[in-house]
file upload15.cif (mmCIF, C-alpha atoms)
data_model
#
loop_
_atom_site.group_PDB
_atom_site.id
_atom_site.type_symbol
_atom_site.label_atom_id
_atom_site.label_comp_id
_atom_site.auth_asym_id
_atom_site.auth_seq_id
_atom_site.Cartn_x
_atom_site.Cartn_y
_atom_site.Cartn_z
ATOM 1 C CA MET V 113 124.609 86.056 101.134
ATOM 2 C CA GLY V 114 125.319 88.332 98.177
ATOM 3 C CA SER V 115 121.654 89.390 98.023
ATOM 4 C CA LEU V 116 121.624 90.159 101.737
ATOM 5 C CA LEU V 117 124.752 92.299 101.389
ATOM 6 C CA LEU V 118 123.200 94.160 98.459
ATOM 7 C CA LEU V 119 120.043 94.800 100.476
ATOM 8 C CA GLN V 120 122.124 96.172 103.357
ATOM 9 C CA VAL V 121 123.972 98.481 100.985
ATOM 10 C CA LEU V 122 120.698 99.727 99.498
ATOM 11 C CA LEU V 123 119.187 100.313 102.925
ATOM 12 C CA ALA V 124 122.307 102.168 104.065
ATOM 13 C CA ALA V 125 122.193 104.327 100.946
ATOM 14 C CA ALA V 126 118.523 105.049 101.500
ATOM 15 C CA ALA V 127 119.208 106.037 105.101
ATOM 16 C CA ALA V 128 122.055 108.329 104.068
ATOM 17 C CA ARG V 129 119.907 109.878 101.349
ATOM 18 C CA ALA V 130 117.080 110.393 103.844
ATOM 19 C CA LEU V 131 119.379 112.250 106.208
ATOM 20 C CA ALA V 132 120.598 114.524 103.439
ATOM 21 C CA ALA V 133 117.402 114.914 101.404
ATOM 22 C CA GLN V 134 116.823 118.551 102.083
ATOM 23 C CA ALA V 135 116.283 120.657 98.985
ATOM 24 C CA TRP V 136 117.028 124.314 99.445
ATOM 25 C CA GLY V 137 117.851 125.298 102.986
ATOM 26 C CA LYS V 138 115.201 126.936 105.123
ATOM 27 C CA GLU V 139 115.909 130.222 103.340
ATOM 28 C CA GLY V 140 115.316 128.779 99.872
ATOM 29 C CA HIS V 141 111.978 127.256 100.836
ATOM 30 C CA TYR V 142 110.943 130.458 102.590
ATOM 31 C CA MET V 143 111.794 132.545 99.527
ATOM 32 C CA THR V 144 109.908 130.205 97.206
ATOM 33 C CA CYS V 145 106.722 130.486 99.244
ATOM 34 C CA LYS V 146 107.004 134.251 99.733
ATOM 35 C CA ILE V 147 107.061 134.551 95.952
ATOM 36 C CA THR V 148 104.010 132.280 95.775
ATOM 37 C CA ASP V 149 102.082 134.644 98.072
ATOM 38 C CA GLY V 150 102.262 137.444 95.528
ATOM 39 C CA PHE V 151 100.707 135.338 92.777
ATOM 40 C CA LEU V 152 97.773 133.748 94.620
ATOM 41 C CA THR V 153 94.212 134.676 93.718
ATOM 42 C CA SER V 154 92.134 136.073 96.559
ATOM 43 C CA GLU V 155 90.192 132.787 96.768
ATOM 44 C CA ALA V 156 93.319 130.670 96.905
ATOM 45 C CA SER V 157 94.947 132.975 99.440
ATOM 46 C CA ALA V 158 91.907 132.716 101.711
ATOM 47 C CA ALA V 159 91.829 128.918 101.401
ATOM 48 C CA VAL V 160 95.528 128.670 102.220
ATOM 49 C CA GLN V 161 95.060 130.930 105.245
ATOM 50 C CA ASP V 162 92.272 128.662 106.505
ATOM 51 C CA LEU V 163 94.520 125.595 106.287
ATOM 52 C CA LEU V 164 97.669 127.002 107.851
ATOM 53 C CA PRO V 165 98.454 125.833 111.395
ATOM 54 C CA SER V 166 98.250 128.453 114.132
ATOM 55 C CA TRP V 167 102.026 128.479 114.631
ATOM 56 C CA ALA V 168 102.490 129.798 111.057
ATOM 57 C CA ASN V 169 100.907 133.144 112.040
ATOM 58 C CA GLY V 170 99.162 133.381 108.683
ATOM 59 C CA GLU V 171 102.392 133.002 106.672
ATOM 60 C CA LEU V 172 102.605 130.257 104.042
ATOM 61 C CA ALA V 173 106.372 130.737 103.962
ATOM 62 C CA GLU V 174 106.618 129.707 107.623
ATOM 63 C CA VAL V 175 105.463 126.154 106.820
ATOM 64 C CA CYS V 176 107.485 125.556 103.674
ATOM 65 C CA ALA V 177 110.469 123.925 105.402
ATOM 66 C CA TRP V 178 108.182 121.869 107.690
ATOM 67 C CA ALA V 179 108.505 118.655 105.676
ATOM 68 C CA ASP V 180 112.264 118.524 106.267
ATOM 69 C CA ARG V 181 111.657 118.507 110.013
ATOM 70 C CA GLN V 182 109.278 115.559 109.697
ATOM 71 C CA ARG V 183 111.619 113.065 108.027
ATOM 72 C CA PHE V 184 112.210 111.170 111.281
ATOM 73 C CA ARG V 185 108.599 111.385 112.418
ATOM 74 C CA TYR V 186 107.315 110.332 108.971
ATOM 75 C CA ARG V 187 110.123 108.095 107.750
ATOM 76 C CA TRP V 188 108.055 107.042 104.740
ATOM 77 C CA SER V 189 108.320 110.608 103.449
ATOM 78 C CA SER V 190 112.106 110.611 102.959
ATOM 79 C CA PRO V 191 112.091 109.241 99.364
ATOM 80 C CA LEU V 192 109.478 111.843 98.415
ATOM 81 C CA HIS V 193 111.973 114.696 98.505
ATOM 82 C CA PHE V 194 113.881 113.753 95.364
ATOM 83 C CA ALA V 195 113.852 111.967 92.007
ATOM 84 C CA ASP V 196 117.402 110.954 91.176
ATOM 85 C CA THR V 197 118.360 109.691 87.719
ATOM 86 C CA PRO V 198 121.087 107.488 86.214
ATOM 87 C CA GLY V 199 122.884 110.649 85.103
ATOM 88 C CA ASP V 200 121.635 110.917 81.531
ATOM 89 C CA CYS V 201 120.413 114.526 82.007
ATOM 90 C CA ASN V 202 116.800 113.428 81.789
ATOM 91 C CA PHE V 203 114.044 112.402 84.195
ATOM 92 C CA SER V 204 111.733 109.572 83.165
ATOM 93 C CA TYR V 205 108.765 109.008 85.464
ATOM 94 C CA ALA V 206 108.392 105.317 84.595
ATOM 95 C CA ARG V 207 112.100 104.675 85.122
ATOM 96 C CA ASP V 208 113.016 107.030 87.962
ATOM 97 C CA CYS V 209 109.974 107.537 90.202
ATOM 98 C CA HIS V 210 110.402 104.731 92.720
ATOM 99 C CA ASP V 211 112.089 104.048 96.044
ATOM 100 C CA THR V 212 114.931 101.598 96.739
ATOM 101 C CA LYS V 213 112.396 98.771 96.986
ATOM 102 C CA GLU V 214 111.085 99.635 93.521
ATOM 103 C CA ASN V 215 107.739 100.873 94.857
ATOM 104 C CA LYS V 216 106.412 102.998 92.023
ATOM 105 C CA ASP V 217 105.281 106.641 92.264
ATOM 106 C CA VAL V 218 107.540 107.182 95.301
ATOM 107 C CA CYS V 219 109.494 110.306 94.375
ATOM 108 C CA VAL V 220 109.032 114.060 94.523
ATOM 109 C CA VAL V 221 106.995 114.103 91.292
ATOM 110 C CA GLY V 222 104.598 111.432 92.553
ATOM 111 C CA ALA V 223 104.331 113.292 95.861
ATOM 112 C CA ILE V 224 103.377 116.583 94.178
ATOM 113 C CA ASN V 225 100.728 114.824 92.106
ATOM 114 C CA ASN V 226 99.340 112.927 95.102
ATOM 115 C CA TYR V 227 99.126 115.905 97.467
ATOM 116 C CA THR V 228 97.585 118.040 94.746
ATOM 117 C CA ALA V 229 94.931 115.364 94.228
ATOM 118 C CA ALA V 230 94.375 115.135 97.989
ATOM 119 C CA LEU V 231 93.737 118.878 98.255
ATOM 120 C CA GLU V 232 91.436 118.820 95.225
ATOM 121 C CA ASN V 233 89.302 116.081 96.781
ATOM 122 C CA PRO V 234 87.209 117.326 99.753
ATOM 123 C CA SER V 235 86.597 113.724 100.834
ATOM 124 C CA SER V 236 90.289 112.774 100.833
ATOM 125 C CA PRO V 237 91.306 110.951 104.039
ATOM 126 C CA TYR V 238 94.568 112.899 104.211
ATOM 127 C CA ASP V 239 94.969 115.794 106.619
ATOM 128 C CA ARG V 240 94.483 118.899 104.480
ATOM 129 C CA THR V 241 96.869 121.084 106.464
ATOM 130 C CA GLU V 242 99.658 118.528 106.177
ATOM 131 C CA SER V 243 98.845 118.010 102.502
ATOM 132 C CA LEU V 244 99.304 121.742 101.895
ATOM 133 C CA MET V 245 102.594 121.828 103.800
ATOM 134 C CA PHE V 246 103.968 118.782 101.994
ATOM 135 C CA LEU V 247 102.893 120.146 98.606
ATOM 136 C CA ALA V 248 104.455 123.566 99.211
ATOM 137 C CA HIS V 249 107.716 121.927 100.247
ATOM 138 C CA PHE V 250 107.912 119.395 97.447
ATOM 139 C CA VAL V 251 107.293 121.984 94.727
ATOM 140 C CA GLY V 252 110.349 123.765 96.097
ATOM 141 C CA ASP V 253 112.277 120.487 96.194
ATOM 142 C CA VAL V 254 111.667 119.544 92.566
ATOM 143 C CA HIS V 255 113.128 122.883 91.445
ATOM 144 C CA GLN V 256 116.458 122.305 93.195
ATOM 145 C CA PRO V 257 118.559 120.696 90.436
ATOM 146 C CA LEU V 258 120.455 118.296 92.705
ATOM 147 C CA HIS V 259 117.162 116.772 93.842
ATOM 148 C CA CYS V 260 117.057 115.309 90.375
ATOM 149 C CA GLY V 261 120.754 114.547 90.512
ATOM 150 C CA HIS V 262 122.612 111.293 89.958
ATOM 151 C CA VAL V 263 121.492 108.262 91.916
ATOM 152 C CA ASP V 264 125.016 106.836 92.298
ATOM 153 C CA ASP V 265 126.208 109.819 94.376
ATOM 154 C CA LEU V 266 122.886 110.449 96.149
ATOM 155 C CA GLY V 267 122.246 113.704 94.332
ATOM 156 C CA GLY V 268 125.748 115.043 94.958
ATOM 157 C CA ASN V 269 125.739 114.233 98.682
ATOM 158 C CA THR V 270 128.751 111.899 98.441
ATOM 159 C CA ILE V 271 130.813 114.390 96.422
ATOM 160 C CA LYS V 272 132.817 115.948 99.247
ATOM 161 C CA LEU V 273 134.494 119.269 98.511
ATOM 162 C CA ARG V 274 135.199 122.730 99.842
ATOM 163 C CA TRP V 275 133.011 125.749 99.275
ATOM 164 C CA TYR V 276 135.696 128.402 99.410
ATOM 165 C CA ARG V 277 137.343 127.442 102.740
ATOM 166 C CA ARG V 278 134.475 125.477 104.276
ATOM 167 C CA LYS V 279 133.895 121.748 104.032
ATOM 168 C CA SER V 280 130.732 120.946 102.127
ATOM 169 C CA ASN V 281 129.359 118.631 99.444
ATOM 170 C CA LEU V 282 127.906 119.337 96.032
ATOM 171 C CA HIS V 283 124.325 118.854 97.184
ATOM 172 C CA HIS V 284 124.720 121.262 100.083
ATOM 173 C CA VAL V 285 126.290 123.857 97.782
ATOM 174 C CA TRP V 286 123.004 123.970 95.865
ATOM 175 C CA ASP V 287 120.783 123.637 98.936
ATOM 176 C CA SER V 288 122.305 126.415 100.992
ATOM 177 C CA ASP V 289 125.844 127.576 100.254
ATOM 178 C CA VAL V 290 125.065 129.606 97.125
ATOM 179 C CA ILE V 291 122.081 131.299 98.794
ATOM 180 C CA THR V 292 124.001 132.070 101.988
ATOM 181 C CA GLN V 293 126.921 133.491 100.012
ATOM 182 C CA ALA V 294 124.624 135.643 97.874
ATOM 183 C CA MET V 295 122.816 137.042 100.913
ATOM 184 C CA LYS V 296 126.201 138.007 102.365
ATOM 185 C CA ASP V 297 127.659 139.443 99.154
ATOM 186 C CA PHE V 298 124.699 141.270 97.635
ATOM 187 C CA PHE V 299 121.817 141.580 100.097
ATOM 188 C CA ASN V 300 123.379 142.672 103.388
ATOM 189 C CA ARG V 301 122.514 139.258 104.872
ATOM 190 C CA ASP V 302 118.834 140.177 104.590
ATOM 191 C CA GLN V 303 116.465 137.524 103.311
ATOM 192 C CA ASP V 304 113.673 139.973 102.491
ATOM 193 C CA THR V 305 116.001 142.043 100.316
ATOM 194 C CA MET V 306 116.937 138.962 98.287
ATOM 195 C CA ILE V 307 113.256 138.044 97.896
ATOM 196 C CA GLU V 308 112.492 141.560 96.636
ATOM 197 C CA ALA V 309 115.320 141.296 94.110
ATOM 198 C CA ILE V 310 113.975 137.983 92.779
ATOM 199 C CA GLN V 311 110.472 139.446 92.586
ATOM 200 C CA ARG V 312 111.822 142.374 90.532
ATOM 201 C CA ASN V 313 113.512 139.924 88.192
ATOM 202 C CA ILE V 314 110.175 138.150 87.652
ATOM 203 C CA THR V 315 108.402 141.355 86.662
ATOM 204 C CA ASP V 316 111.360 142.806 84.723
ATOM 205 C CA ASP V 317 114.122 140.545 83.379
ATOM 206 C CA TRP V 318 112.031 137.358 83.302
ATOM 207 C CA SER V 319 108.661 138.887 82.415
ATOM 208 C CA SER V 320 108.726 137.391 78.919
ATOM 209 C CA GLU V 321 109.456 133.925 80.364
ATOM 210 C CA GLU V 322 106.946 133.894 83.203
ATOM 211 C CA LYS V 323 103.998 132.758 81.107
ATOM 212 C CA GLN V 324 106.071 129.840 79.840
ATOM 213 C CA TRP V 325 106.791 128.838 83.440
ATOM 214 C CA GLU V 326 103.053 128.590 84.073
ATOM 215 C CA ALA V 327 102.325 126.443 81.014
ATOM 216 C CA CYS V 328 102.664 122.676 81.023
ATOM 217 C CA GLY V 329 102.599 121.675 77.393
ATOM 218 C CA GLY V 330 101.876 118.151 76.292
ATOM 219 C CA LYS V 331 99.569 115.758 78.104
ATOM 220 C CA THR V 332 99.380 116.256 81.858
ATOM 221 C CA LYS V 333 97.032 114.684 84.360
ATOM 222 C CA ILE V 334 97.286 116.686 87.558
ATOM 223 C CA THR V 335 100.383 118.874 87.664
ATOM 224 C CA CYS V 336 103.414 119.686 85.555
ATOM 225 C CA ALA V 337 105.804 118.199 88.112
ATOM 226 C CA GLU V 338 107.344 115.792 85.588
ATOM 227 C CA LYS V 339 108.282 118.773 83.413
ATOM 228 C CA TYR V 340 109.901 120.499 86.397
ATOM 229 C CA ALA V 341 111.907 117.355 87.212
ATOM 230 C CA LYS V 342 113.114 117.124 83.618
ATOM 231 C CA GLU V 343 114.315 120.726 83.846
ATOM 232 C CA SER V 344 116.158 119.985 87.084
ATOM 233 C CA ALA V 345 117.756 116.807 85.715
ATOM 234 C CA LEU V 346 119.136 118.802 82.796
ATOM 235 C CA LEU V 347 120.392 121.571 85.080
ATOM 236 C CA ALA V 348 121.939 118.965 87.380
ATOM 237 C CA CYS V 349 124.220 117.832 84.564
ATOM 238 C CA ASP V 350 125.548 121.390 84.323
ATOM 239 C CA ALA V 351 125.958 121.469 88.112
ATOM 240 C CA TYR V 352 128.182 118.371 88.003
ATOM 241 C CA GLU V 353 130.275 119.603 85.102
ATOM 242 C CA GLY V 354 133.936 119.977 86.011
ATOM 243 C CA VAL V 355 133.379 119.020 89.667
ATOM 244 C CA GLU V 356 135.517 116.261 91.160
ATOM 245 C CA GLN V 357 135.769 114.709 94.589
ATOM 246 C CA GLY V 358 137.864 116.951 96.846
ATOM 247 C CA ASP V 359 137.634 120.058 94.656
ATOM 248 C CA THR V 360 137.481 123.589 96.014
ATOM 249 C CA LEU V 361 134.648 125.592 94.473
ATOM 250 C CA GLY V 362 134.937 129.367 94.420
ATOM 251 C CA ASP V 363 133.993 132.411 92.388
ATOM 252 C CA ASP V 364 133.824 130.738 88.976
ATOM 253 C CA TYR V 365 131.379 128.105 90.141
ATOM 254 C CA TYR V 366 129.481 130.533 92.383
ATOM 255 C CA PHE V 367 128.757 133.026 89.623
ATOM 256 C CA ARG V 368 127.729 130.187 87.331
ATOM 257 C CA ALA V 369 125.328 128.719 89.876
ATOM 258 C CA LEU V 370 123.761 131.849 91.389
ATOM 259 C CA PRO V 371 121.590 132.874 88.392
ATOM 260 C CA VAL V 372 120.269 129.311 88.181
ATOM 261 C CA VAL V 373 119.452 129.199 91.901
ATOM 262 C CA LYS V 374 117.595 132.512 91.802
ATOM 263 C CA LYS V 375 115.587 131.554 88.734
ATOM 264 C CA ARG V 376 114.655 128.110 90.132
ATOM 265 C CA ILE V 377 113.402 129.733 93.342
ATOM 266 C CA ALA V 378 111.347 132.132 91.231
ATOM 267 C CA GLN V 379 109.963 129.354 89.049
ATOM 268 C CA GLY V 380 109.077 127.260 92.088
ATOM 269 C CA GLY V 381 107.202 130.174 93.631
ATOM 270 C CA VAL V 382 105.239 130.968 90.485
ATOM 271 C CA ARG V 383 104.390 127.344 89.801
ATOM 272 C CA LEU V 384 103.271 126.619 93.352
ATOM 273 C CA ALA V 385 100.868 129.532 92.949
ATOM 274 C CA VAL V 386 99.571 128.022 89.704
ATOM 275 C CA ILE V 387 98.833 124.731 91.462
ATOM 276 C CA LEU V 388 97.189 126.366 94.491
ATOM 277 C CA ASN V 389 95.125 128.685 92.293
ATOM 278 C CA GLN V 390 93.868 125.714 90.301
ATOM 279 C CA ILE V 391 93.041 123.752 93.450
ATOM 280 C CA PHE V 392 91.264 126.506 95.366
ATOM 281 C CA SER V 393 89.809 128.782 92.719
ATOM 282 C CA GLY V 394 89.888 126.831 89.475
ATOM 283 C CA ALA V 395 92.038 129.604 88.031
ATOM 284 C CA ASN V 396 93.480 128.792 84.621
ATOM 285 C CA SER V 397 94.096 132.348 83.530
ATOM 286 C CA ARG V 398 97.208 134.442 84.054
ATOM 287 C CA LEU V 399 98.371 134.757 87.624
ATOM 288 C CA GLN V 400 97.860 137.828 89.731
ATOM 289 C CA SER V 401 100.833 140.137 89.565
ATOM 290 C CA ILE V 402 102.962 140.783 92.628
#
call {"tool": "encode", "arguments": {"input": "upload15.cif", "output": "structure tokens"}}
result
Amino acid sequence: MGSLLLLQVLLAAAAARALAAQAWGKEGHYMTCKITDGFLTSEASAAVQDLLPSWANGELAEVCAWADRQRFRYRWSSPLHFADTPGDCNFSYARDCHDTKENKDVCVVGAINNYTAALENPSSPYDRTESLMFLAHFVGDVHQPLHCGHVDDLGGNTIKLRWYRRKSNLHHVWDSDVITQAMKDFFNRDQDTMIEAIQRNITDDWSSEEKQWEACGGKTKITCAEKYAKESALLACDAYEGVEQGDTLGDDYYFRALPVVKKRIAQGGVRLAVILNQIFSGANSRLQSI
């Protein structure tokens, strides 16, 4: 009876996590992929164009939130959006990349590796268009710190609070609230203006860091997704710091979080380009400049 109750609790938690597992809002995913566009080689850009569905109108950014809309159609994909940890500020693939049934490799890092491999293999049985759309989405996901948040609060989803005067939760603050607030405060509610600002930061303020973003370091098999998850797990600890159930988050938290959000969007865009360039043009040299 105790085992059955535990199973029900785990299934309920998995269902709740599936409903909330949406890294970055639509705007964050769109921005990530618009940044990717500027760093693709001509060969990779052409290959991506060939794979995009007709409804994307030739825009990679238009498909980058697609995977969130498929979580009820493809229920198996829900655990692939995140890689929560016990809260020790570190991601360990062997320990953390599994679903609630302990099936291994079922997390956002495993998904990035698998869809990269599928696109690299012309004889892969997976639909190449869907593989591209999943990959583009999951690279964005792994850069959202709360998608490598703490497993006991479902990546901040159960930490209910107020974002200024609005009801929210810690996960949603990082998905959408910070971006929405920044667009209102600094970019005249214009998404393109915010993208341009992040692009300028890449070529100016972060120019000395960009090459480091591209590099993996250590032994890697397919992608550097484990490295990206480790970064997010560490950033997630900062995101939790000082936050309690029922808190109201305002300017202090906002101005602490915004630089992190902008840089993670930038890093996700650059790194997605690295992966796509390697898949479609074998490019290992420095990325094209935007």
call {"tool": "resolve_selection", "arguments": {"input": "upload15.cif", "expression": "the PyMOL selection byres ((chain V and resi 370-387) around 9)", "output": "ChimeraX atom specification"}}
result
/V:136,140-141,143-153,156,228,247-248,251-257,286,290-291,294,310-311,313-314,318,322,325-326,335-336,340,344,347,365-369,388-392,395-396,398-399
call {"tool": "resolve_selection", "arguments": {"input": "upload15.cif", "expression": "the PyMOL selection byres ((chain V and resi 258-265) around 10)", "output": "PyMOL selection string"}}
result
chain V and resi 125+129+133-136+193-203+208+219-220+253-257+266-271+282-287+340-349+351-352
call {"tool": "resolve_selection", "arguments": {"input": "upload15.cif", "expression": "the PyMOL selection byres ((chain V and resi 225) around 10)", "output": "PyMOL selection string"}}
result
chain V and resi 217+220-224+226-230+247+333-338
call {"tool": "write_last_selection", "arguments": {"input": "upload15.cif", "atoms": "C-alpha atoms", "output": "PDB file, in the frame of the given file"}}
result
ATOM      1  CA  ASP V 217     105.281 106.641  92.264  1.00  0.00           C
ATOM      2  CA  VAL V 220     109.032 114.060  94.523  1.00  0.00           C
ATOM      3  CA  VAL V 221     106.995 114.103  91.292  1.00  0.00           C
ATOM      4  CA  GLY V 222     104.598 111.432  92.553  1.00  0.00           C
ATOM      5  CA  ALA V 223     104.331 113.292  95.861  1.00  0.00           C
ATOM      6  CA  ILE V 224     103.377 116.583  94.178  1.00  0.00           C
ATOM      7  CA  ASN V 226      99.340 112.927  95.102  1.00  0.00           C
ATOM      8  CA  TYR V 227      99.126 115.905  97.467  1.00  0.00           C
ATOM      9  CA  THR V 228      97.585 118.040  94.746  1.00  0.00           C
ATOM     10  CA  ALA V 229      94.931 115.364  94.228  1.00  0.00           C
ATOM     11  CA  ALA V 230      94.375 115.135  97.989  1.00  0.00           C
ATOM     12  CA  LEU V 247     102.893 120.146  98.606  1.00  0.00           C
ATOM     13  CA  LYS V 333      97.032 114.684  84.360  1.00  0.00           C
ATOM     14  CA  ILE V 334      97.286 116.686  87.558  1.00  0.00           C
ATOM     15  CA  THR V 335     100.383 118.874  87.664  1.00  0.00           C
ATOM     16  CA  CYS V 336     103.414 119.686  85.555  1.00  0.00           C
ATOM     17  CA  ALA V 337     105.804 118.199  88.112  1.00  0.00           C
ATOM     18  CA  GLU V 338     107.344 115.792  85.588  1.00  0.00           C
TER      19      GLU V 338
END
call {"tool": "atom_distance", "arguments": {"input": "upload15.cif", "atom1": "CA of Val160 in chain V", "atom2": "CA of Leu172 in chain V"}}
result
7.5 Å
call {"tool": "atom_distance", "arguments": {"input": "upload15.cif", "atom1": "CA of Phe246 in chain V", "atom2": "CA of Arg301 in chain V"}}
result
27.8 Å
call {"tool": "closest_residue", "arguments": {"input": "upload15.cif", "among": "V:Asp350, V:Ser154, V:Tyr238, V:Leu244", "to": "Trp178 in chain V", "atoms": "all atoms listed in the file"}}
result
V:Leu244
call {"tool": "closest_residue", "arguments": {"input": "upload15.cif", "among": "V:Ala159, V:Leu192, V:Ala206, V:Ala173", "to": "Phe250 in chain V", "atoms": "all atoms listed in the file"}}
result
V:Leu192
call {"tool": "atom_distance", "arguments": {"input": "upload15.cif", "atom1": "CA of Ser280 in chain V", "atom2": "CA of Gly362 in chain V"}}
result
12.2 Å
